[in-house]
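This report concerns only the one structure given below.
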Amino acid sequence: MRRAPLSVLGLLLVSVLASSPVHSEELKDLYFGEALYYAHQGLYFEALERLDTEIKQHGELDEPELDTLYAHIDDADFSLGDFELRYRMHHRAGRAIKAVLEAAVDDVVRNDAAYRLARIHFQKNQLAEALHALDRIEGEIPESIEDDIEFLRANVYLAKGRPEESIEVLEDLQDSESFGGFASYNLGIAYLQSGQRQAALEQLDRAGQIETNDPAELAIRDKSNLVAGTIHLELQEFELAIPYLNRVRLDGPFSNQALLSAGWASMAVDNAERAVVPWSILAEREATDGATQEAMLALPYAYGKLEVHGRAAVYYGRALDAFGTEIDKLNESIDSIREGKFLEVLVREEIRKDKDWVVRLRALPESPETYYLLDLLASHDFQTGLQNYLDLADLRRKLVEWQGGFDAYDDMVAIRRDHYDPLLPDIDTEFRELDSRMRLRKEQHKMLVRRRDDLLTTPRPEFLATPEEQAMFGRLAQLEEQAATLEPDGPEWRRIRRLKGVLVWRIETEYHERFTEFDQNLRELDDEMASAQAQYDQYVRVRQAATHSYEGYDKPIMRLRVHSGNAVQKIDMLMARQGRLLERAAIEHLSARRSRLENFGDKARFALADSYDRATQAQARAEDPRKEDP
């Protein structure tokens, strides 16, 4: 049974559908549009929930060509796979997209599906399968994904350890509006992997000077400079590394590491004064960052090299205090995680409504377990595990909401039953009478059709006599019986034979005209019988729909109650298991950070004592120049 028509939501879909990539014609199915509406907001679970139901209902229809989704079924199947991919249901998405590849669709749709399938395989590190899917792309390619395909191909080559082939692809992408900066950086990495270090440095130098206002390309520009600077540092070309590191923006995502490396590069060329500048900036930044913590220890070291031992002692003291504070935070975080508070914070709905929710987590004063979350999320494995946990939490929340809706379904079924139960008995009585008449008329119709077919092969004029003529034949037969005792050649017999001959003559001479009229009337009757049968079938369907609208729902609703309850229990088990993995990974990571800080603290403690000694000695020499160090 179809759902009730959408009202307000249909008006909200216009602007969304106008920019939809899968529609080149007017949308005819609002339920498909509803799924796209949610997908454009990034709510892929809601989009899947609606479109999956719509496609399933469409497949169960007796006459799917009459359904509004029929015109969009190929797009709907493709979108279903796309939504599953975006919701990270890679296995199901792969099946759906493979079905599109094997279907009789045009090149644009097939190539788009092949690209998405290749992307799935690449994300799952199935590189051979990804390359095979890319090799299936041929013919017309959607203009919107031409560069995407080639960029993915280059990344697959890089991941497979085939940098030479990647270089050929990336060189052609240098002028791409979407991937120019990324291709430029990846080209430098490809040169580096192929052993062409000088070419890699030249390419990274070009990538580090691109003119752009795009935040993503600005970040890749910073990364290019950071990588180029790091390569020079590894080659002990410290003076060459500094200009690259200085190009990195101070407010970019790679600024901390660039400031730290710039300081060490300056120290390597015995320019401690220049090293103080980046380290001073870095030491004032977020204390939970590893580069900042190292800078807190490196800055007083630089002052020590400059023989400013008093200031070095002050900064060592600040670093020691900061390390102690951060160690306390780490201890609190570890204890809080062991108490289960870490997972409770992660599933807070009001936090994750903000796109910067990860940053906000670290600022929550009542949640010490989240102070180092940004560092934890730097790990791909932890991000994947965290997203799995959040998906499970969202799914559990939805299942609990759905469980509360089963009572509403029971009420709907009861209302329908109360409405139809009093009406259907009278309707059924009338229908049985109609059914009997319908069966009789069908048999009569079949008999007339057989008679017409027989008359085509064996003409029988008497079968086409009118009722008056048949009555006259009957009267003449009676007269023949009465005249049986009379002479055969008497006047009575002659009159009877003459009258009978007139009737037979008329019937036989008019046979063709009568047969033609009979055939025409029967054809008109065929049309009327077909119309009657259509009305009959329509009534049967409506009658069945009325019954099906309230009968047979008890067991399915009960099964759904049981299944949802079992699903919630299973999700609870999976969440507990996944949560323990996250907690263990978080504790191990925080423990390593704590050990590193404790090591820094030990170094700061010894350096602080040494700086005080040197500062005291320097002060003593200033007061009495005759005194020398022992």
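Letters A, B, ... mark the chains of the structure tokens in the order given; residue numbers begin at 1 per chain; ligand numbers begin at 1, in order shown.
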
Contacts of His132 in chain A within 10 Å, only C-alpha atoms, excl. fewer than 6 positions in-chain, as a CSV table (one decimal) with C-alpha atoms, in the first residue's frame:
chain,number,residue,atom,x,y,z
A,114,ALA,CA,32.6,2.4,-12.3
A,117,LEU,CA,33.1,1.3,-7.4
A,118,ALA,CA,36.7,2.1,-7.9
A,121,HIS,CA,37.8,-0.5,-3.5

For CA of Met447 in chain A and CA of Arg475 in chain A, quote the distance in Å rounded to one decimal.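 For CA of Met447 in chain A relative to CA of Arg475 in chain A, the distance reads 26.7 Å.
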
Point-to-point distance in Å for CA of Val156 in chain A and CA of Leu134 in chain A: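 Going from CA of Leu134 in chain A over to CA of Val156 in chain A, I get 9.8 Å.
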
Per residue of range 547-587 of chain A within 12 Å of range 591-594 of chain A, what are the shortest atom pair and its distance in Å to one decimal, counting only C-alpha atoms, with rows by chain and residue number, as a tab-separated table?
residue	atom	partner	partner_atom	distance
A:Glu583	CA	A:Ser591	CA	11.8
A:Arg584	CA	A:Ser591	CA	10.3
A:Ala585	CA	A:Ser591	CA	9.8
A:Ala586	CA	A:Ser591	CA	8.4
A:Ile587	CA	A:Ser591	CA	5.8

Contacts of range 236-239 of chain A at 7 Å or less, counting only C-alpha atoms, minus same-chain residues fewer than 6 places along, as an MDAnalysis selection string? chainID A and resid 265 268:269

10 Å contact set for Ala275 in chain A, only C-alpha atoms, chain neighbours under 5 positions out, as a list in words: Leu259, Leu260, Ser261, Ala262, Gly263, Trp264, Ala265, Ser266, Met267, Ala268, Val269, Asp270, Ser280, Ala298, Leu299, Ala302 and Tyr303 of chain A

Residues near Pro253 in chain A, cut-off 9 Å, only C-alpha atoms, skip fewer than 4 positions along chain, as a PDB file with C-alpha atoms, in the first residue's frame:
ATOM      1  CA  ALA A 219      46.607  23.609   3.436  1.00  0.00           C
ATOM      2  CA  ASP A 222      51.616  24.481   3.512  1.00  0.00           C
ATOM      3  CA  LYS A 223      52.114  20.716   3.456  1.00  0.00           C
ATOM      4  CA  ARG A 249      51.235  29.983   7.336  1.00  0.00           C
ATOM      5  CA  GLN A 257      55.337  21.344  13.110  1.00  0.00           C
TER       6      GLN A 257
END

Which neighbours of Gly180 in chain A fall inside 10 Å, counting only C-alpha atoms, when residues of the same chain fewer than 5 positions from it are skipped, and could you give them as a list in words? Asp147, Phe151, Leu170, Glu171, Asp172, Leu173, Gln174, Asp175, Tyr185, Asn186, Ala207, Ile210 and Glu217 of chain A

Residues near range 596-601 of chain A, cut-off 10 Å, only C-alpha atoms, skip fewer than 4 positions along chain, as a list in words: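 Everything that qualifies: Gly290, Gln293, Glu294, Met296, Leu297, Tyr316, Gly317, Ala319, Leu320, Asp321, Ala322, Phe323, Gly324, Glu326, Ile327, Leu330, Leu590, Ser591, Ala592, Arg605, Phe606 and Ala607 of chain A.
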
Go through A:Ala408, A:Ile73, A:Leu581, A:Val276 and flag the residue nearest Tyr315 in chain A, using only C-alpha atoms for the distances.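 Once distances to Tyr315 in chain A are computed over only C-alpha atoms, the minimum belongs to A:Val276.
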
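Atom pair CA of Arg498 in chain A / CA of Glu510 in chain A: separated by 18.2 Å.
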
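Ranking A:Val277, A:Leu499, A:Met438, A:Ala258 by their shortest atom-to-atom distance to Ala530 in chain A, with only C-alpha atoms included, puts A:Met438 first.
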
Which residues of range 403-464 of chain A come within 10 Å of range 532-542 of chain A, and what is each one's closest atom pair and distance in Å (one decimal), counting only C-alpha atoms, sorted by chain and residue number, as a Markdown table?
| residue | atom | partner | partner_atom | distance |
| --- | --- | --- | --- | --- |
| A:Phe431 | CA | A:Tyr539 | CA | 9.1 |
| A:Leu434 | CA | A:Tyr536 | CA | 9.1 |
| A:Asp435 | CA | A:Tyr536 | CA | 8.5 |
| A:Met438 | CA | A:Ala532 | CA | 8.5 |
| A:Lys442 | CA | A:Gln533 | CA | 9.5 |

Select, from A:Asn271, A:Gln478, A:Ser178, A:Gln520, the residue with the minimum atom-to-atom distance to Lys305 in chain A, counting only C-alpha atoms.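 Smallest distance to Lys305 in chain A is found for A:Asn271.
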
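Shortest atom-to-atom contact with Tyr511 in chain A among A:Leu455, A:Ala295, A:Leu560, A:Leu43: A:Leu455, counting only C-alpha atoms.
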
Enumerate as a PyMOL selection string all residues of range 164-385 of chain A assigned to helix (DSSP H, G or I) by DSSP on the backbone, naming them with the chain letters and numbers the document uses. chain A and resi 164-172+180-193+197-207+215-234+238-247+255-268+272-283+290-305+309-338+341-346+349-352+357-362+368-370+373-376+380-385
